[in-house]
file coords22.cif (mmCIF, C-alpha atoms (C1' of nucleotides))
data_entry
#
loop_
_atom_site.label_atom_id
_atom_site.label_comp_id
_atom_site.auth_asym_id
_atom_site.auth_seq_id
_atom_site.Cartn_x
_atom_site.Cartn_y
_atom_site.Cartn_z
CA MET A 228 143.35 -9.99 155.96
CA ARG A 229 141.16 -13.07 155.71
CA LEU A 230 138.13 -12.97 158.03
CA ALA A 231 135.85 -15.97 158.47
CA THR A 232 132.78 -16.94 160.48
CA TRP A 233 131.53 -20.48 161.08
CA ASN A 234 128.78 -21.99 163.17
CA VAL A 235 130.51 -25.28 163.95
CA ASN A 236 127.63 -26.97 165.84
CA SER A 237 129.84 -28.26 168.67
CA VAL A 238 133.53 -27.47 168.38
CA LYS A 239 134.34 -30.73 170.15
CA GLN A 240 132.65 -32.74 167.39
CA ARG A 241 134.15 -30.48 164.72
CA VAL A 242 137.85 -30.65 165.64
CA PRO A 243 138.58 -33.11 162.78
CA ARG A 244 137.10 -30.59 160.35
CA LEU A 245 138.15 -27.34 162.00
CA LEU A 246 141.91 -27.90 162.21
CA PRO A 247 142.38 -29.02 158.58
CA TRP A 248 140.16 -26.14 157.50
CA LEU A 249 142.38 -23.66 159.37
CA ASP A 250 145.41 -25.17 157.63
CA GLN A 251 143.80 -25.04 154.20
CA ARG A 252 142.06 -21.70 154.28
CA ARG A 253 144.48 -19.93 156.60
CA PRO A 254 142.05 -17.33 157.90
CA ASP A 255 143.61 -14.54 159.96
CA VAL A 256 140.53 -13.99 162.09
CA VAL A 257 137.87 -16.64 162.79
CA CYS A 258 134.51 -16.18 164.49
CA LEU A 259 133.04 -19.41 165.80
CA GLN A 260 129.50 -20.05 167.01
CA GLU A 261 127.76 -22.92 168.81
CA THR A 262 130.98 -24.10 170.39
CA LYS A 263 128.93 -25.72 173.20
CA LEU A 264 131.88 -25.68 175.60
CA THR A 265 132.87 -23.76 178.71
CA ASP A 266 135.89 -21.49 178.38
CA ASP A 267 138.04 -23.93 180.35
CA ALA A 268 136.99 -26.84 178.15
CA PHE A 269 137.58 -24.78 174.99
CA ALA A 270 141.12 -23.89 176.07
CA GLU A 271 141.81 -27.48 177.05
CA LEU A 272 140.51 -28.81 173.74
CA LEU A 273 142.10 -26.34 171.34
CA GLY A 274 144.70 -24.25 173.16
CA SER A 275 147.82 -26.03 171.95
CA ALA A 276 146.52 -26.72 168.42
CA LEU A 277 145.72 -23.02 168.00
CA ALA A 278 149.02 -21.87 169.48
CA GLU A 279 150.88 -24.15 167.04
CA ARG A 280 149.09 -22.38 164.23
CA GLY A 281 149.84 -18.92 165.53
CA TYR A 282 146.38 -18.06 166.82
CA GLU A 283 145.47 -16.21 169.94
CA PHE A 284 141.93 -16.95 171.04
CA ALA A 285 139.18 -15.86 173.37
CA SER A 286 135.95 -17.68 174.06
CA ASN A 287 132.64 -16.95 175.72
CA GLY A 288 131.14 -20.34 176.40
CA GLN A 289 128.80 -22.33 178.57
CA SER A 290 128.15 -26.03 178.85
CA GLN A 291 125.70 -27.72 176.51
CA TRP A 292 124.34 -24.79 174.46
CA ASN A 293 125.48 -21.67 172.61
CA GLY A 294 129.09 -20.53 172.94
CA VAL A 295 131.13 -18.19 170.72
CA ALA A 296 134.83 -17.64 170.19
CA LEU A 297 137.37 -15.53 168.32
CA LEU A 298 140.67 -16.75 166.88
CA SER A 299 143.19 -14.28 165.54
CA ARG A 300 146.76 -14.12 164.34
CA VAL A 301 146.61 -10.37 163.73
CA GLY A 302 146.16 -9.40 167.36
CA LEU A 303 143.29 -9.84 169.81
CA HIS A 304 142.76 -6.81 172.00
CA ASP A 305 140.08 -5.39 174.29
CA VAL A 306 138.03 -8.59 174.42
CA GLU A 307 134.44 -8.04 175.51
CA ARG A 308 132.07 -10.89 176.35
CA GLY A 309 128.45 -10.04 175.65
CA PHE A 310 127.60 -6.36 175.14
CA ALA A 311 126.01 -3.47 177.01
CA ALA A 312 122.44 -4.13 178.17
CA MET A 313 122.38 -7.58 176.52
CA PRO A 314 119.13 -9.30 177.50
CA GLY A 315 119.08 -12.80 179.00
CA PHE A 316 116.53 -15.59 178.98
CA PRO A 317 116.32 -14.76 181.80
CA ASP A 318 120.03 -15.16 182.53
CA PRO A 319 122.67 -13.95 180.07
CA GLU A 320 123.65 -16.54 177.46
CA ALA A 321 127.03 -17.04 175.75
CA ARG A 322 126.12 -15.53 172.39
CA ALA A 323 128.51 -12.64 171.78
CA ILE A 324 132.20 -11.85 171.99
CA SER A 325 134.12 -9.02 170.38
CA ALA A 326 137.71 -7.91 170.10
CA THR A 327 139.95 -5.67 168.02
CA CYS A 328 141.90 -7.69 165.47
CA GLY A 329 144.17 -6.07 162.88
CA GLY A 330 142.55 -2.71 163.53
CA LEU A 331 139.01 -4.02 163.03
CA ARG A 332 136.42 -4.43 165.79
CA VAL A 333 135.22 -8.00 165.16
CA HIS A 334 132.07 -9.45 166.74
CA SER A 335 131.29 -13.17 166.81
CA LEU A 336 127.53 -13.44 167.27
CA TYR A 337 125.06 -16.24 167.78
CA VAL A 338 121.64 -14.61 167.65
CA PRO A 339 118.83 -16.43 169.52
CA ASN A 340 116.83 -18.73 167.28
CA GLY A 341 113.37 -17.40 168.11
CA ARG A 342 111.73 -20.83 167.73
CA VAL A 343 108.15 -19.71 166.99
CA PRO A 344 106.93 -16.25 165.97
CA ASP A 345 105.43 -14.32 168.88
CA SER A 346 106.77 -16.80 171.45
CA GLU A 347 108.82 -15.68 174.45
CA HIS A 348 111.92 -16.87 172.58
CA TYR A 349 110.98 -14.74 169.58
CA HIS A 350 110.58 -11.59 171.65
CA TYR A 351 113.88 -12.36 173.34
CA LYS A 352 115.50 -12.56 169.91
CA LEU A 353 114.13 -9.15 168.92
CA ALA A 354 115.15 -7.54 172.23
CA TRP A 355 118.62 -9.05 171.91
CA LEU A 356 119.02 -7.62 168.40
CA SER A 357 117.79 -4.22 169.53
CA ALA A 358 120.32 -4.07 172.36
CA LEU A 359 123.05 -5.23 169.97
CA ARG A 360 122.17 -2.41 167.60
CA ASP A 361 122.44 0.17 170.37
CA SER A 362 125.74 -1.27 171.52
CA VAL A 363 127.26 -1.25 168.03
CA ALA A 364 125.95 2.27 167.39
CA SER A 365 128.01 3.58 170.30
CA GLY A 366 130.93 1.19 169.76
CA PRO A 367 134.25 1.47 167.91
CA MET A 368 134.73 1.65 164.16
CA PRO A 369 135.68 0.11 161.82
CA VAL A 370 133.51 -2.86 162.69
CA ALA A 371 132.43 -6.25 161.35
CA LEU A 372 129.47 -8.14 162.78
CA CYS A 373 130.01 -11.79 161.95
CA GLY A 374 128.07 -14.86 162.81
CA ASP A 375 124.86 -16.81 162.78
CA LEU A 376 122.29 -14.01 162.71
CA ASN A 377 119.43 -16.52 162.45
CA ILE A 378 117.69 -14.20 159.98
CA ALA A 379 117.41 -14.67 156.23
CA PRO A 380 117.66 -11.07 155.02
CA ALA A 381 115.38 -11.54 151.99
CA ASP A 382 113.22 -14.17 150.31
CA ALA A 383 116.15 -14.94 147.99
CA ASP A 384 118.00 -16.17 151.07
CA VAL A 385 115.73 -19.19 151.60
CA PHE A 386 115.25 -22.07 149.19
CA ASP A 387 111.46 -21.84 149.25
CA PRO A 388 109.95 -18.62 150.61
CA VAL A 389 106.46 -20.14 150.58
CA ALA A 390 107.60 -22.96 152.86
CA TYR A 391 108.88 -20.43 155.37
CA VAL A 392 105.75 -18.31 155.69
CA GLY A 393 104.87 -18.11 159.37
CA GLN A 394 108.30 -19.41 160.43
CA THR A 395 111.03 -17.57 162.23
CA HIS A 396 114.07 -16.22 160.33
CA VAL A 397 111.93 -14.54 157.67
CA THR A 398 109.32 -12.51 159.56
CA GLY A 399 108.94 -8.77 159.13
CA PRO A 400 110.07 -7.83 162.65
CA GLU A 401 113.20 -9.98 162.36
CA ARG A 402 114.11 -8.47 159.01
CA ALA A 403 113.37 -5.01 160.41
CA ALA A 404 115.76 -5.73 163.28
CA LEU A 405 118.42 -6.70 160.75
CA GLN A 406 117.73 -3.53 158.76
CA SER A 407 118.12 -1.52 161.91
CA LEU A 408 121.64 -2.99 162.14
CA THR A 409 122.51 -2.32 158.51
CA GLY A 410 120.97 1.12 159.04
CA LEU A 411 124.06 1.91 161.07
CA GLY A 412 125.90 1.95 157.75
CA LEU A 413 126.81 -1.72 157.65
CA HIS A 414 126.95 -3.71 154.41
CA ASP A 415 126.00 -7.35 153.86
CA VAL A 416 129.25 -8.06 152.05
CA VAL A 417 128.44 -11.51 150.64
CA ARG A 418 125.12 -10.40 149.16
CA GLU A 419 126.69 -7.26 147.72
CA ARG A 420 129.36 -9.40 146.05
CA TRP A 421 126.81 -11.93 144.73
CA PRO A 422 123.67 -9.83 144.22
CA HIS A 423 121.76 -12.35 142.09
CA GLU A 424 123.30 -15.74 142.90
CA ARG A 425 121.81 -18.49 144.99
CA VAL A 426 123.97 -18.35 148.13
CA PHE A 427 123.18 -20.37 151.24
CA SER A 428 125.21 -20.94 154.40
CA TYR A 429 123.03 -23.45 156.25
CA TRP A 430 121.42 -26.68 155.11
CA ASP A 431 119.40 -29.02 157.33
CA TYR A 432 121.14 -32.33 157.91
CA ARG A 433 118.00 -34.23 156.94
CA ALA A 434 116.72 -35.49 153.64
CA GLY A 435 119.73 -34.60 151.51
CA MET A 436 119.01 -30.90 151.77
CA PHE A 437 122.64 -29.94 151.15
CA HIS A 438 122.90 -32.25 148.16
CA GLN A 439 119.87 -30.55 146.65
CA ASP A 440 121.09 -27.10 147.72
CA LEU A 441 117.94 -26.47 149.74
CA GLY A 442 119.20 -24.11 152.41
CA MET A 443 119.16 -20.64 153.89
CA ARG A 444 121.62 -17.77 154.12
CA ILE A 445 121.64 -16.83 157.78
CA ASP A 446 125.38 -16.57 158.47
CA LEU A 447 126.38 -13.03 157.65
CA VAL A 448 129.25 -10.57 157.66
CA LEU A 449 128.05 -7.00 158.12
CA ALA A 450 130.84 -4.43 157.75
CA ASP A 451 131.03 -0.64 157.79
CA ALA A 452 131.46 1.17 154.48
CA ALA A 453 135.23 1.64 154.75
CA THR A 454 135.75 -2.05 155.52
CA SER A 455 133.34 -3.27 152.85
CA ALA A 456 135.27 -1.13 150.34
CA ARG A 457 138.29 -3.32 151.16
CA VAL A 458 136.50 -6.56 150.22
CA ALA A 459 138.53 -8.49 147.65
CA ALA A 460 136.52 -11.72 147.93
CA ALA A 461 133.45 -12.85 149.83
CA PHE A 462 132.02 -16.35 149.61
CA VAL A 463 130.54 -19.33 151.38
CA ASP A 464 133.02 -22.19 151.72
CA ARG A 465 130.73 -25.01 150.62
CA GLN A 466 133.61 -27.49 150.67
CA ALA A 467 133.47 -27.43 154.46
CA ARG A 468 129.84 -28.64 154.39
CA LYS A 469 130.76 -31.75 152.35
CA GLY A 470 132.26 -35.05 153.40
CA THR A 471 132.32 -36.73 156.80
CA GLY A 472 131.11 -35.08 159.97
CA PRO A 473 130.33 -31.56 158.75
CA SER A 474 128.54 -28.83 160.65
CA ASP A 475 125.11 -28.01 159.23
CA HIS A 476 126.53 -24.52 158.52
CA ALA A 477 129.34 -23.64 156.09
CA PRO A 478 131.93 -20.97 156.83
CA VAL A 479 131.65 -17.52 155.31
CA ILE A 480 135.02 -16.15 154.21
CA VAL A 481 135.82 -12.51 153.45
CA ASP A 482 139.18 -11.32 152.17
CA LEU A 483 140.01 -7.70 152.90
CA ASP A 484 142.67 -5.73 151.07
CA GLU A 485 145.05 -3.77 153.22
CA ALA A 486 143.48 -0.76 154.87
CA PRO A 487 144.39 2.55 153.19
CA ASP A 488 145.94 3.90 156.39
CA GLY A 489 148.07 0.82 156.90
CA ASP A 490 146.75 -2.42 158.32
CA ILE A 491 149.81 -4.06 159.84
CA GLY A 492 148.71 -7.45 158.50
CA PRO A 493 149.64 -10.80 160.01
CA VAL A 494 152.04 -10.49 162.92
CA VAL A 495 152.97 -14.16 162.64
CA PRO A 496 154.51 -15.24 159.34
CA PRO A 497 152.54 -17.97 157.60
CA PRO A 498 154.02 -21.48 157.76
CA SER A 499 156.13 -22.51 154.80
CA ALA A 500 153.76 -25.25 153.65
CA PRO A 501 153.06 -25.06 149.90
CA ARG A 502 149.90 -23.18 149.01
CA THR A 503 149.35 -25.02 145.75
CA PRO A 504 146.01 -26.83 145.62
CA ARG A 505 145.79 -30.60 145.83
CA ARG A 506 145.53 -32.34 142.52
CA GLY A 507 141.87 -32.47 141.62
CA ALA A 508 141.02 -29.79 144.16
CA LYS A 509 137.96 -27.87 143.16
CA LYS A 510 138.14 -24.16 142.67
CA LEU A 511 136.34 -22.01 145.18
CA PRO A 512 134.15 -19.17 144.05
CA GLN A 513 136.30 -16.06 143.92
CA SER A 514 135.42 -12.45 143.61
CA SER A 515 137.13 -11.81 140.33
"C1'" DA B 908 104.42 -39.01 157.11
"C1'" DT B 909 103.30 -31.85 161.44
"C1'" DG B 910 109.17 -37.08 159.48
"C1'" DA B 911 113.93 -37.57 157.65
"C1'" DC B 912 119.78 -35.59 161.12
"C1'" DT B 913 122.95 -34.25 164.70
"C1'" DG B 914 124.59 -32.93 169.38
"C1'" DG B 915 124.21 -32.74 174.45
"C1'" DA B 916 122.69 -34.69 178.63
"C1'" DT B 917 121.18 -38.71 180.05
"C1'" DA B 918 120.71 -43.60 181.01
"C1'" DG B 919 114.79 -43.63 178.25
"C1'" DT B 920 114.45 -40.83 175.34
"C1'" DC B 921 114.02 -35.73 175.32
"C1'" DC B 922 115.28 -30.96 174.08
"C1'" DA B 923 117.15 -27.94 170.73
"C1'" DG B 924 118.52 -26.49 166.43
"C1'" DA B 925 116.39 -23.65 161.92
#
call {"tool": "encode", "arguments": {"input": "coords22.cif", "output": "C-alpha cells"}}
result
Amino acid sequence: MRLATWNVNSVKQRVPRLLPWLDQRRPDVVCLQETKLTDDAFAELLGSALAERGYEFASNGQSQWNGVALLSRVGLHDVERGFAAMPGFPDPEARAISATCGGLRVHSLYVPNGRVPDSEHYHYKLAWLSALRDSVASGPMPVALCGDLNIAPADADVFDPVAYVGQTHVTGPERAALQSLTGLGLHDVVRERWPHERVFSYWDYRAGMFHQDLGMRIDLVLADAATSARVAAAFVDRQARKGTGPSDHAPVIVDLDEAPDGDIGPVVPPPSAPRTPRRGAKKLPQSS
DNA sequence: ATGACTGGATAGTCCAGA
C-alpha cells in the first residue's frame, strides 16, 4: 500500500500538478493539507477526477485558510473530522481528518503554525498537539499520523539551525510536543529510513531556496511499530516541487508491504497504463 | 535590505504562510 501526504498550498491552484502526480505515483491513500476550500467546493472541483481514478475522498475544509482531505482507493471508513477535545482559535479550524483505509487508521493533519514563540498562536499550537496526543492515545491501532506537523524534529531537519534560533518549528516545547506523540510508540518513518541524509519537505518560494536545497523537514509520517515494520520505501518526492506552479511543500511517500495478517490491498484494480518511466525520467530515491 | 514568493480576499494592498 502506497501512502502519501502533501501540503498542496491551495488545491485549486494545484490541480494541474495534483492530477498528473496521482497518475504517476499512484498512491493508494493520500493525505492533503492546506486545501483552502469548503467541502462543497472540494467535491465540485475534484469529485469526478478522483472518481475516474478510483478514489473515494473525504474533506474537512473551510474557505480561505487551512483545510485537509483524505483520498483512498483501499477503502475509507469511519471518517472523523477534527478529534476529541480539539482546541479552536477560538473556533475549531479545519486541520484534521481521519479514516480507516486498508486496515490502517490514517490521519491527515495540518498543525497550527505558531507564528511567534510565546504568542497566543504558539500556545494554541501546543494545546492542539496535546489534545491530538490524547486523542491518538485512546484511538484505534494501527495508526499513521501524516501531514504538515509544522515542527522540525531535530536541528538536522532545518538547513541552518542557527538561523532558526528563536523561531517557531524548532523550539523545545514544540519538539517536546512531537516527542510526546512519538512517545505513544510512533516512528518517524522517513528519518528512520534516512538517518543521516539531508531530507527536507518544505522550501520557501523566495530566493531560490529550493534550488539551493535550503529547506526544512516538517511534513512527517508517524506510524506505530507494526506499521513502520512494513515500510518498504519512504522518501520525499522532490520532483513534485520542481517545474511550473509547485506547492512550497513536496509530498512524502511511504510504501508499506502487505500486513502480516492480510491487508486486502487495492480494491480497485490499477489502470492498464504502462508503468515504465518516461525516457529521461530521473530515478527517485528508493529504500533499497 | 527585519526583503526576495505565493495564495486568498479584495478592489489598495493586506494577511498568512514557515
call {"tool": "resolve_selection", "arguments": {"input": "coords22.cif", "expression": "the PyMOL selection byres ((chain A and resi 462) around 7)", "output": "MDAnalysis selection string"}}
result
chainID A and resid 417 460:461 463:464 479:481 512
call {"tool": "atom_distance", "arguments": {"input": "coords22.cif", "atom1": "atom CA of A:Phe386", "atom2": "atom CA of A:Val448"}}
result
20.0 Å
call {"tool": "closest_residue", "arguments": {"input": "coords22.cif", "among": "A:Asp382, A:Asp446, A:Glu261, A:Asp255", "to": "A:Leu277", "atoms": "all atoms listed in the file"}}
result
A:Asp255
call {"tool": "closest_atom_pairs", "arguments": {"input": "coords22.cif", "of": "chain A", "to": "chain B", "cutoff": "8 Å", "atoms": "all atoms listed in the file", "output": "CSV"}}
result
residue,atom,partner,partner_atom,distance
A:Asn236,CA,B:DG914,C1',7.6
A:Ser237,CA,B:DG914,C1',7.1
A:Gln291,CA,B:DG915,C1',5.6
A:Trp292,CA,B:DG915,C1',8.0
A:Asn340,CA,B:DA925,C1',7.3
A:Arg342,CA,B:DA925,C1',8.0
A:Asn377,CA,B:DA925,C1',7.8
A:His396,CA,B:DA925,C1',7.9
A:Asp431,CA,B:DC912,C1',7.6
A:Tyr432,CA,B:DC912,C1',4.8
A:Arg433,CA,B:DC912,C1',4.7
A:Ala434,CA,B:DA911,C1',5.3
call {"tool": "residues_around", "arguments": {"input": "coords22.cif", "residues": "A:Glu307", "least_positions_apart": "2", "cutoff": "12 Å", "atoms": "only C-alpha atoms (C1' of nucleotides)", "output": "PDB file with C-alpha atoms, in the coordinates of the input"}}
result
ATOM      1  CA  ALA A 285     139.180 -15.860 173.370  1.00  0.00           C
ATOM      2  CA  SER A 286     135.950 -17.680 174.060  1.00  0.00           C
ATOM      3  CA  ASN A 287     132.640 -16.950 175.720  1.00  0.00           C
ATOM      4  CA  VAL A 295     131.130 -18.190 170.720  1.00  0.00           C
ATOM      5  CA  ALA A 296     134.830 -17.640 170.190  1.00  0.00           C
ATOM      6  CA  LEU A 297     137.370 -15.530 168.320  1.00  0.00           C
ATOM      7  CA  LEU A 303     143.290  -9.840 169.810  1.00  0.00           C
ATOM      8  CA  HIS A 304     142.760  -6.810 172.000  1.00  0.00           C
ATOM      9  CA  ASP A 305     140.080  -5.390 174.290  1.00  0.00           C
ATOM     10  CA  GLY A 309     128.450 -10.040 175.650  1.00  0.00           C
ATOM     11  CA  PHE A 310     127.600  -6.360 175.140  1.00  0.00           C
ATOM     12  CA  ALA A 311     126.010  -3.470 177.010  1.00  0.00           C
ATOM     13  CA  ALA A 321     127.030 -17.040 175.750  1.00  0.00           C
ATOM     14  CA  ARG A 322     126.120 -15.530 172.390  1.00  0.00           C
ATOM     15  CA  ALA A 323     128.510 -12.640 171.780  1.00  0.00           C
ATOM     16  CA  ILE A 324     132.200 -11.850 171.990  1.00  0.00           C
ATOM     17  CA  SER A 325     134.120  -9.020 170.380  1.00  0.00           C
ATOM     18  CA  ALA A 326     137.710  -7.910 170.100  1.00  0.00           C
ATOM     19  CA  THR A 327     139.950  -5.670 168.020  1.00  0.00           C
ATOM     20  CA  ARG A 332     136.420  -4.430 165.790  1.00  0.00           C
ATOM     21  CA  VAL A 333     135.220  -8.000 165.160  1.00  0.00           C
ATOM     22  CA  HIS A 334     132.070  -9.450 166.740  1.00  0.00           C
ATOM     23  CA  SER A 335     131.290 -13.170 166.810  1.00  0.00           C
ATOM     24  CA  SER A 362     125.740  -1.270 171.520  1.00  0.00           C
ATOM     25  CA  GLY A 366     130.930   1.190 169.760  1.00  0.00           C
TER      26      GLY A 366
END
call {"tool": "residues_around", "arguments": {"input": "coords22.cif", "residues": "A:Lys239", "least_positions_apart": "3", "cutoff": "12 Å", "atoms": "only C-alpha atoms (C1' of nucleotides)", "output": "MDAnalysis selection string"}}
result
(chainID A and resid 235:236 242:246 261:265 268:273 290:291 294 472 474) or (chainID B and resid 914:915)
